[in-house]
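Q: Supplied in structure tokens, the structure appears directly below.
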Amino acid sequence: MEKHDIAKPVITENTVDNFLKLLGMGMQKGYDQNKINEIIKQEGLNNLFCIADSNNVMPFLYKTVAAYNGTEDDKKLLTLWKNHTQKTMFTEMSKSMQIFKLSKKAKEENLTFVFFKGIVLASLYPQSFERPGCDSDIFVYEEEKEDAIKLLNNMDYRLIEDECKENVLVFLHENPKHVIELHTRLWEDFTGPKIEKLKEMDLTNRDSLVNICACNIHITTLGYEEHLIYQMFHVIKHFSLDGIGMRYLLDITYYINAYYAKIDWENFWKKIEYLGYSCFCDSFFKICIDYLGMNPKILANRNVRVTKEIEQFKLDLLYGGHTIKKDADWQIMGAMAPYFTGNAKVASSEVSRKIQMIFPSVKSIPSCYTYVKKHPCLLPFAWIQRDFKFLWKYIFHHDQVYSVKEKINVGENRLSLIKNLGLNAND
């Protein structure tokens, strides 16, 4: 993005509501310019620019704010916004061309490339470039994995070993730049009770796959119901580990409104209940219905459980979980993983949750301490090792690392949200 003197956003009691309303207006075919102008004047264009940037919705919102006639500084900012949007458009066009080539080549070689998330969701936006993505996700069956790798190598994609996981291989095409995550498991390398339930649902069963035209490309993807269940798993994964931004609200709203008639909602809710996601989905969908125009029938004939902390939830969405402005999400991701997978249970009180962050149990210690899983008596040594690792990073990377107090508070806040939104194990 071009250089520009942009102040940090100021969040007031009306900011969350105003930004959600602006997103809702962006989803409408006709704009009420007076209402848009009123929100921009209340919040300031600079403020909205920063929030849109952090929530990865700048290309989506540009058309909504473009007609605003403000100060000279506002006009400069809108030019910057426009340039960013145009650059995104060309980047996404090159990605689409690569996906077209990949899909065509896979079909020629009788390989089943199952595209999910990115291109499928982008195709539902008014313009696909309004949903920029970092990479393209492709699922392949285990028996086709080696042939898929060979195909990617032949198309000049190289393996980025440092970023790979056991069940997710990462490939990079240099020119044009395009990153592919090749999955052999939708749930990546996670394990635990909730992951076992997800496995039972067999979301990648070949008989449930569908062929669609996305961004003018004919692709194979997950079944409509299966894809939505996966998407909620994906949303909850990121929410639990480090927080999510408001673009996820747009993704799910567009998807449900597009494919509402193709989903067995009774079956969907049974599976969501089984996974322990129903309270979260109730609150998430309620926000989408209230602000973004999601089909309200999705909550019909249900005993809807909307958390009383929904305002806290909306604020967390606006911040993307990052209430402290440091690039240090990695510090709590490992600590949150056991609660997301159902391996550990969140304590009921704030004090107990802070103790969980300071002295994690055998079940909640990050998976990198493998020796503790085999020998639980070594747990205190893992605490000491973790503290030394933190101290070293804090000394040499002070500006990029949470302090002890910050880490405890960020972790406790995430655990509190997990519990309040019904994502706690056995709740």
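Ordered as shown in the structure tokens, chains take letters A, B, and onward, while each chain numbers its residues from 1 and ligands are numbered from 1 in the order shown.
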Might you pull out every residue within 12 Å of Glu38 in chain A, with only C-alpha atoms counted and same-chain residues fewer than 5 positions away left off, and present them as a PDB file with N, CA and C atoms, in the first residue's frame?
A:
ATOM      1  N   ASN A  18     -21.753   1.366  13.709  1.00  0.00           N
ATOM      2  CA  ASN A  18     -21.618   2.128  12.468  1.00  0.00           C
ATOM      3  C   ASN A  18     -20.894   1.331  11.388  1.00  0.00           C
ATOM      4  N   PHE A  19     -19.841   0.630  11.782  1.00  0.00           N
ATOM      5  CA  PHE A  19     -19.083  -0.120  10.772  1.00  0.00           C
ATOM      6  C   PHE A  19     -19.897  -1.290  10.232  1.00  0.00           C
ATOM      7  N   LYS A  21     -23.138  -1.339  10.011  1.00  0.00           N
ATOM      8  CA  LYS A  21     -24.140  -0.724   9.129  1.00  0.00           C
ATOM      9  C   LYS A  21     -23.529  -0.401   7.761  1.00  0.00           C
ATOM     10  N   LEU A  22     -22.289   0.068   7.770  1.00  0.00           N
ATOM     11  CA  LEU A  22     -21.620   0.404   6.514  1.00  0.00           C
ATOM     12  C   LEU A  22     -21.396  -0.855   5.676  1.00  0.00           C
ATOM     13  N   ASP A  32     -27.714   4.450   0.055  1.00  0.00           N
ATOM     14  CA  ASP A  32     -28.311   5.662   0.609  1.00  0.00           C
ATOM     15  C   ASP A  32     -27.150   6.582   0.984  1.00  0.00           C
ATOM     16  N   GLN A  33     -26.802   7.471   0.068  1.00  0.00           N
ATOM     17  CA  GLN A  33     -25.603   8.294   0.249  1.00  0.00           C
ATOM     18  C   GLN A  33     -25.689   9.153   1.496  1.00  0.00           C
ATOM     19  N   GLU A  43     -17.580   8.960  12.194  1.00  0.00           N
ATOM     20  CA  GLU A  43     -16.381   8.181  12.503  1.00  0.00           C
ATOM     21  C   GLU A  43     -15.096   8.793  11.950  1.00  0.00           C
ATOM     22  N   GLY A  44     -15.232   9.537  10.855  1.00  0.00           N
ATOM     23  CA  GLY A  44     -14.039  10.048  10.181  1.00  0.00           C
ATOM     24  C   GLY A  44     -13.561   9.041   9.153  1.00  0.00           C
ATOM     25  N   LEU A  45     -13.254   9.504   7.954  1.00  0.00           N
ATOM     26  CA  LEU A  45     -12.853   8.601   6.876  1.00  0.00           C
ATOM     27  C   LEU A  45     -11.561   7.867   7.230  1.00  0.00           C
ATOM     28  N   VAL A  65     -17.871   4.073  -0.120  1.00  0.00           N
ATOM     29  CA  VAL A  65     -17.405   5.369   0.385  1.00  0.00           C
ATOM     30  C   VAL A  65     -16.899   6.284  -0.728  1.00  0.00           C
ATOM     31  N   TYR A  68     -18.070   9.954  -1.343  1.00  0.00           N
ATOM     32  CA  TYR A  68     -18.034  10.927  -0.241  1.00  0.00           C
ATOM     33  C   TYR A  68     -17.209  12.144  -0.640  1.00  0.00           C
ATOM     34  N   ASN A  69     -17.768  13.322  -0.426  1.00  0.00           N
ATOM     35  CA  ASN A  69     -17.115  14.579  -0.804  1.00  0.00           C
ATOM     36  C   ASN A  69     -16.688  15.308   0.463  1.00  0.00           C
ATOM     37  N   GLY A  70     -15.473  15.019   0.917  1.00  0.00           N
ATOM     38  CA  GLY A  70     -14.999  15.600   2.170  1.00  0.00           C
ATOM     39  C   GLY A  70     -13.888  16.605   1.967  1.00  0.00           C
TER      40      GLY A  70
END
Q: Quick check for you: according to DSSP on this backbone, which residues of range 176-260 of chain A are classed as strand (DSSP E or B)? Reply as a list of chain:residue names.
A: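 Restricting range 176-260 of chain A to strand (DSSP E or B) produces A:His178, A:Val179, A:Ile180, A:Glu181, A:Leu182, A:His183, A:Val210, A:Asn211, A:Ile212, A:Cys213, A:Ala214, A:Ile217, A:His218, A:Ile219, A:Thr220, A:Thr221.
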Q: Could you save the residues just selected, with C-alpha atoms, as a CSV table (one decimal), in the first residue's frame?
A:
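Printed below is result-v2.csv as written:
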chain,number,residue,atom,x,y,z
A,178,HIS,CA,0.3,-17.6,-6.1
A,179,VAL,CA,0.3,-19.7,-2.9
A,180,ILE,CA,-1.5,-23.0,-2.7
A,181,GLU,CA,-2.3,-24.9,0.4
A,182,LEU,CA,-2.7,-28.6,-0.5
A,183,HIS,CA,-4.8,-30.3,2.1
A,210,VAL,CA,-20.5,-30.7,-6.4
A,211,ASN,CA,-19.4,-29.0,-9.6
A,212,ILE,CA,-19.9,-25.2,-9.8
A,213,CYS,CA,-18.9,-22.3,-11.9
A,214,ALA,CA,-16.9,-19.9,-9.7
A,217,ILE,CA,-14.1,-21.3,-13.8
A,218,HIS,CA,-15.6,-24.7,-13.6
A,219,ILE,CA,-14.4,-26.3,-10.4
A,220,THR,CA,-15.2,-29.2,-8.0
A,221,THR,CA,-15.9,-28.2,-4.4
Q: Check the DSSP output for the backbone and give back, as an MDAnalysis selection string, the residues of range 153-298 of chain A in helix (DSSP H, G or I).
A: chainID A and resid 153:154 161:163 193:200 206:208 224:241 247:262 265:275 278:292 296:298
Q: Which residue is closest to Leu151 in chain A? Choose from A:Asp290, A:Asp242, A:Glu109, A:Glu72 and count only C-alpha atoms.
A: A:Glu109
Q: Taking only C-alpha atoms into account, which of A:Leu48, A:Met155, A:Leu421, A:Met93 comes nearest Glu309 in chain A?
A: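 Of the candidates, the smallest distance to Glu309 in chain A is held by A:Leu421.
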Q: Which residues are near Glu161 in chain A? Cut-off 9 Å, only C-alpha atoms, ignore same chain within fewer than 6 positions. Put them as a list of chain:residue names.
A: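 Counting only the stated atoms, we get A:Leu169, A:Val170, A:Phe171.
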Q: Could you please take those selected residues and save N, CA, C and O atoms as a compact mmCIF listing (two decimals), in the first residue's frame?
A:
# COMPACT_ATOMS: atom_id res chain seq x y z
N LEU A 169 0.38 -29.12 2.72
CA LEU A 169 1.63 -28.76 2.04
C LEU A 169 1.44 -27.40 1.38
O LEU A 169 0.41 -27.13 0.76
N VAL A 170 2.44 -26.55 1.51
CA VAL A 170 2.36 -25.18 0.98
C VAL A 170 3.29 -25.05 -0.23
O VAL A 170 4.47 -25.37 -0.16
N PHE A 171 2.72 -24.55 -1.34
CA PHE A 171 3.47 -24.37 -2.58
C PHE A 171 3.40 -22.91 -3.03
O PHE A 171 2.38 -22.24 -2.82
Q: Could you name the residues that touch Thr85 in chain A at 10 Å or less, counting only C-alpha atoms, but leaving out those on the same chain fewer than 5 positions away, as a PDB file with N, CA and C atoms, in the first residue's frame?
A:
ATOM      1  N   MET A   1       0.842  -1.193   0.000  1.00  0.00           N
ATOM      2  CA  MET A   1       0.000   0.000   0.000  1.00  0.00           C
ATOM      3  C   MET A   1       0.884   1.251   0.000  1.00  0.00           C
ATOM      4  N   VAL A  57     -11.375  -5.627   4.310  1.00  0.00           N
ATOM      5  CA  VAL A  57     -12.572  -5.341   3.503  1.00  0.00           C
ATOM      6  C   VAL A  57     -12.434  -4.037   2.718  1.00  0.00           C
ATOM      7  N   MET A  58     -11.208  -3.574   2.517  1.00  0.00           N
ATOM      8  CA  MET A  58     -11.032  -2.312   1.792  1.00  0.00           C
ATOM      9  C   MET A  58     -11.588  -2.357   0.369  1.00  0.00           C
ATOM     10  N   PRO A  59     -11.278  -3.385  -0.438  1.00  0.00           N
ATOM     11  CA  PRO A  59     -11.851  -3.425  -1.797  1.00  0.00           C
ATOM     12  C   PRO A  59     -13.374  -3.514  -1.774  1.00  0.00           C
ATOM     13  N   PHE A  60     -13.921  -4.227  -0.778  1.00  0.00           N
ATOM     14  CA  PHE A  60     -15.373  -4.368  -0.679  1.00  0.00           C
ATOM     15  C   PHE A  60     -16.036  -3.024  -0.371  1.00  0.00           C
ATOM     16  N   LEU A  61     -15.452  -2.236   0.515  1.00  0.00           N
ATOM     17  CA  LEU A  61     -16.094  -0.996   0.968  1.00  0.00           C
ATOM     18  C   LEU A  61     -15.790   0.217   0.092  1.00  0.00           C
ATOM     19  N   TYR A  62     -14.815   0.094  -0.807  1.00  0.00           N
ATOM     20  CA  TYR A  62     -14.439   1.283  -1.575  1.00  0.00           C
ATOM     21  C   TYR A  62     -15.624   1.872  -2.328  1.00  0.00           C
ATOM     22  N   LYS A  63     -16.383   1.024  -2.996  1.00  0.00           N
ATOM     23  CA  LYS A  63     -17.514   1.523  -3.791  1.00  0.00           C
ATOM     24  C   LYS A  63     -18.544   2.241  -2.922  1.00  0.00           C
ATOM     25  N   THR A  79      -8.219   8.446  -2.836  1.00  0.00           N
ATOM     26  CA  THR A  79      -7.341   8.081  -3.948  1.00  0.00           C
ATOM     27  C   THR A  79      -6.473   6.889  -3.569  1.00  0.00           C
ATOM     28  N   LEU A  80      -5.948   6.917  -2.343  1.00  0.00           N
ATOM     29  CA  LEU A  80      -5.159   5.792  -1.838  1.00  0.00           C
ATOM     30  C   LEU A  80      -6.005   4.526  -1.772  1.00  0.00           C
ATOM     31  N   PHE A  90      -6.111  -6.510  -9.913  1.00  0.00           N
ATOM     32  CA  PHE A  90      -5.163  -7.132 -10.841  1.00  0.00           C
ATOM     33  C   PHE A  90      -4.495  -8.355 -10.215  1.00  0.00           C
ATOM     34  N   THR A  91      -4.218  -8.281  -8.906  1.00  0.00           N
ATOM     35  CA  THR A  91      -3.621  -9.425  -8.210  1.00  0.00           C
ATOM     36  C   THR A  91      -4.568 -10.619  -8.226  1.00  0.00           C
ATOM     37  N   PHE A 129     -12.896  -9.674  -6.856  1.00  0.00           N
ATOM     38  CA  PHE A 129     -11.709  -9.064  -6.264  1.00  0.00           C
ATOM     39  C   PHE A 129     -12.028  -8.350  -4.949  1.00  0.00           C
ATOM     40  N   GLU A 130     -13.315  -8.166  -4.654  1.00  0.00           N
ATOM     41  CA  GLU A 130     -13.693  -7.535  -3.397  1.00  0.00           C
ATOM     42  C   GLU A 130     -13.387  -8.430  -2.198  1.00  0.00           C
ATOM     43  N   PRO A 132     -10.221 -10.315  -1.425  1.00  0.00           N
ATOM     44  CA  PRO A 132      -8.856 -10.761  -1.688  1.00  0.00           C
ATOM     45  C   PRO A 132      -8.463 -11.896  -0.758  1.00  0.00           C
TER      46      PRO A 132
END
Q: Pick out the closest residue to Leu124 in chain A from this set: A:Gln86, A:Asp73, A:Ser94, A:Asn257. Count only C-alpha atoms.
A: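 Counting only C-alpha atoms, the residue closest to Leu124 in chain A is A:Asn257.
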Q: For Gly320 in chain A, list every protein, DNA or RNA residue within 10 Å, evaluated using only C-alpha atoms, and leave out those in the same chain fewer than 5 positions away; present the list as a list of chain:residue names.
A: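 Those residues are A:Ile51, A:Ser54, A:Asn55, A:His238, A:Phe239, A:Asp242, A:Gly243, A:Ile244, A:Gly245, A:Met246, A:Arg247, A:Lys314, A:Leu315.
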Q: I'd like the interatomic distance between CA of Lys297 in chain A and CA of Leu198 in chain A, to a tenth of an Å.
A: 25.2 Å
Q: Please compute the CA of Lys101 in chain A-CA of Leu250 in chain A distance, one decimal, in Å.
A: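 Between these atoms lies a distance of 27.9 Å.
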Q: What's the separation between CA of Leu318 in chain A and CA of Phe284 in chain A, in Å to one decimal place?
A: 13.2 Å
Q: Could you pull the residues within 7 Å of Glu144 in chain A, counting only C-alpha atoms, minus those fewer than 4 positions along the same chain, as JSON, numbers by chain?
A: {"A": [111, 140, 148]}
Q: Could the residues in this selection be saved with C-alpha atoms as a compact mmCIF listing (two decimals), in the first residue's frame?
A:
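Output file out.txt is given in full below:
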# COMPACT_ATOMS: atom_id res chain seq x y z
CA LEU A 111 -7.21 -35.86 -10.51
CA VAL A 140 -6.82 -33.87 -2.51
CA ALA A 148 -1.02 -33.77 -7.27
